[in-house]
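S.K.: Okay, handing you the structure first.
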Amino acid sequence: MSAYLLNFLAIGTQYLCSVGLILICILMGFHLYVMRIRKTDRHATVTDPSEQDDPAAEKPPEENSEEMEDGEEPIAVLPAPGGNLIRGRYNKSFTAKLMQSSDPVKQYYVDLANELFAYEKVRNRISWTNSSFYIGRKVVSKFSIRGKTLYLYLALDPKDFLNSKYFVIDESAVKRYEAVPLGMKVKSGRGVKFGKELIEILMQQSGAARSEGKVECVKLSDYPYDTTINLLERGLIKLKTEEGQPPTDSDSPIREEFERREQVSVSEVGDLISDEVAVSFIEETEEAEETVFSKPKGIINIDTLSKNYQANETVTLESLKEKKLIGNSVNHVKVLARGILNKPLIVKMPEFSVDAVKMILLTGGKAIRLKTKRQ
């Protein structure tokens, strides 16, 4: 009897120890989880930080290497009308920057501009640096583009929205934005949503009534992409020399920024030709038979072209299919840089990476961008 009792007590004690260890592990795990949540709460302000960036993390315009807000870019060797290259900088208008922006940035502007136009008596004027919206004589909103980012400014007090979900920027110290001191970056669909919410608050404070029915005054097609050379000729981009003056006949043009070579590898192109010059040498075509559809898409690498084409041969979508380098259903191809190119090629494609263009140019070829028609 005593043996059974001792055996029972031993099993019971072992069971209790196991349960106790399990409970201790659960409590420790719960404690670590709570500590992690508290730490996250102290440092996180939005659910998805990638969609609404903290403006404090961005350098001020005068330190931004991409482009200053007034359109001035860093000094570089740049293409000028007539095929020359001049050492200087571009001054891009708001319209030019919008035309050369990505489709998402253009769509953000279209959505927010149409939201402003949805209210009665709102009118728009586009200057060199900004797109401004007025009610009567009062400016209620402005847009600018810095680098690749769209900025929205509103006639609201930024102090009313500090520590809010909107991540506003106080621009009251900047003379250009004294009347519209609340600024915000628009980098995602969430940014557009927040912008519309702030516009609604602005219009309520201004006593503006919303128009009846759907209003669409601005369209994506109003701002089609155009090349820098064309925009220079249209007066939407200005070219200045290093001294800050427009180029004249007395300025010495740089005829050649790079030397042609028989062979080039992707690893060395960055040191041989600048991005600006490479992009300026991309040719455009209006040939109707070269028009392509946007889907389905495919890619082709430069070294693949080098192995499958002869010197001075023309690369087209049709020839890629004939050589079985892409599928028959692919109708939009992007050319990517890879490996080595050892011959000049004439490449007609709707899309190129910058390094791929450099490889084509450095070996004496041509990069011709096709116009794209969407289904």
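Identifiers for the structure tokens are assigned positionally: chains receive A, B, ... in sequence, residues are indexed from 1 per chain, and ligands are indexed from 1 in the order shown.
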Please provide the set of residues having any atom within 8 Å of Phe94 in chain A, restricted to only C-alpha atoms, with same-chain residues fewer than 5 positions apart removed, written as a list in words.
M.R.: Gly71, Ile126, Ser127, Trp128, Thr129, Asn130, Ser131, Ser144 and Ile145 of chain A
S.K.: Skip Leu202 in chain A itself and residues of its chain fewer than 3 positions away, then list as a list in words all residues within 7 Å of it, counting only C-alpha atoms.
M.R.: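 So, after excluding close chain neighbours, the residues are Ala155, Leu156, Leu198, Ile199, Gln205 and Ser206 of chain A.
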S.K.: List every residue of range 77-288 of chain A that DSSP, applied to the backbone of this structure, assigns to strand (DSSP E or B), and report them as a PyMOL selection string.
M.R.: chain A and resi 77-79+85-92+119+122-126+131-135+138-146+149-154+169-170+182-186+210+237-241+254+264-265+283-284
S.K.: Give me the residues near Ile340 in chain A as a PyMOL selection string, where near means some atom within 6 Å (using only C-alpha atoms) and where sequence neighbours in that chain fewer than 4 positions away do not count.
M.R.: chain A and resi 264-265+303
S.K.: Next, dump the selected residues to file, keeping only N, CA and C atoms, as a PDB file, in the first residue's frame.
M.R.:
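Everything below was put into selection.pdb:
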```pdb
ATOM      1  N   VAL A 264      32.112  47.070 -73.781  1.00  0.00           N
ATOM      2  CA  VAL A 264      31.883  47.710 -72.487  1.00  0.00           C
ATOM      3  C   VAL A 264      31.134  46.738 -71.579  1.00  0.00           C
ATOM      4  N   SER A 265      31.466  46.762 -70.292  1.00  0.00           N
ATOM      5  CA  SER A 265      30.777  45.913 -69.315  1.00  0.00           C
ATOM      6  C   SER A 265      29.889  46.771 -68.436  1.00  0.00           C
ATOM      7  N   ASP A 303      23.465  41.574 -72.629  1.00  0.00           N
ATOM      8  CA  ASP A 303      24.385  40.515 -73.052  1.00  0.00           C
ATOM      9  C   ASP A 303      23.690  39.475 -73.924  1.00  0.00           C
TER      10      ASP A 303
END
```
S.K.: Which of these, A:Asn230, A:Thr241, A:Ser132, A:Ser172, has the shortest distance to Ile86 in chain A once you count only C-alpha atoms?
M.R.: A:Thr241
S.K.: Name the residues in contact with range 268-282 of chain A at a cut-off of 6 Å, using only C-alpha atoms, excluding same-chain residues fewer than 5 positions from it; report them as an NGL selection string.
M.R.: :A and (358 or 367-368)
S.K.: Between CA of Thr363 in chain A and CA of Arg261 in chain A, what distance in Å does the model show, to one decimal?
M.R.: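 Those two atoms sit 5.2 Å apart.
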S.K.: Extract, using only C-alpha atoms, all DNA, RNA and protein residues at most 9 Å from Tyr166 in chain A, discarding same-chain residues fewer than 5 positions from it, and format them as a compact mmCIF listing (two decimals) with N, CA and C atoms, in the first residue's frame.
M.R.:
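Dumped to out.txt:
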```txt
# COMPACT_ATOMS: atom_id res chain seq x y z
N GLN A 52 3.40 57.03 -45.41
CA GLN A 52 3.43 58.42 -45.00
C GLN A 52 4.74 58.68 -44.29
N PHE A 161 -2.53 70.78 -36.48
CA PHE A 161 -2.42 69.39 -36.92
C PHE A 161 -1.10 68.75 -36.50
N MET A 184 2.44 69.20 -46.90
CA MET A 184 2.53 67.76 -46.69
C MET A 184 3.03 67.10 -47.97
N GLY A 191 -1.60 59.25 -48.83
CA GLY A 191 -1.33 60.68 -48.84
C GLY A 191 -2.43 61.45 -49.56
N PHE A 194 -5.44 61.60 -47.18
CA PHE A 194 -5.24 62.62 -46.15
C PHE A 194 -5.36 64.03 -46.74
N GLY A 195 -4.83 64.20 -47.95
CA GLY A 195 -4.92 65.50 -48.61
C GLY A 195 -6.36 65.91 -48.84
N LEU A 198 -7.95 67.06 -45.57
CA LEU A 198 -7.52 68.41 -45.19
C LEU A 198 -8.17 69.45 -46.10
```
S.K.: Please identify all polymer residues within 7 Å of Asn312 in chain A, counting only C-alpha atoms, omitting same-chain residues fewer than 5 positions from it, and present them as a ChimeraX atom specification.
M.R.: /A:344-346
S.K.: Nearest to Lys106 in chain A among A:Thr316, A:Gln204, A:Asn163, A:Ser188, with distances taken over only C-alpha atoms: which residue is it?
M.R.: A:Ser188
S.K.: Compile the contact shell of Lys138 in chain A as a VMD selection string: residues with an atom at most 12 Å away, counting only C-alpha atoms, same-chain residues fewer than 2 positions apart removed.
M.R.: chain A and resid 121 to 124 132 to 136 140 to 142 154 to 155 179 to 180 206
S.K.: Using only C-alpha atoms, can you tell me which of A:Ile299, A:Met99, A:Met28, A:Gly365 comes closest to Leu231 in chain A?
M.R.: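 Going through A:Ile299, A:Met99, A:Met28, A:Gly365 one by one, the smallest distance to Leu231 in chain A is for A:Met99.
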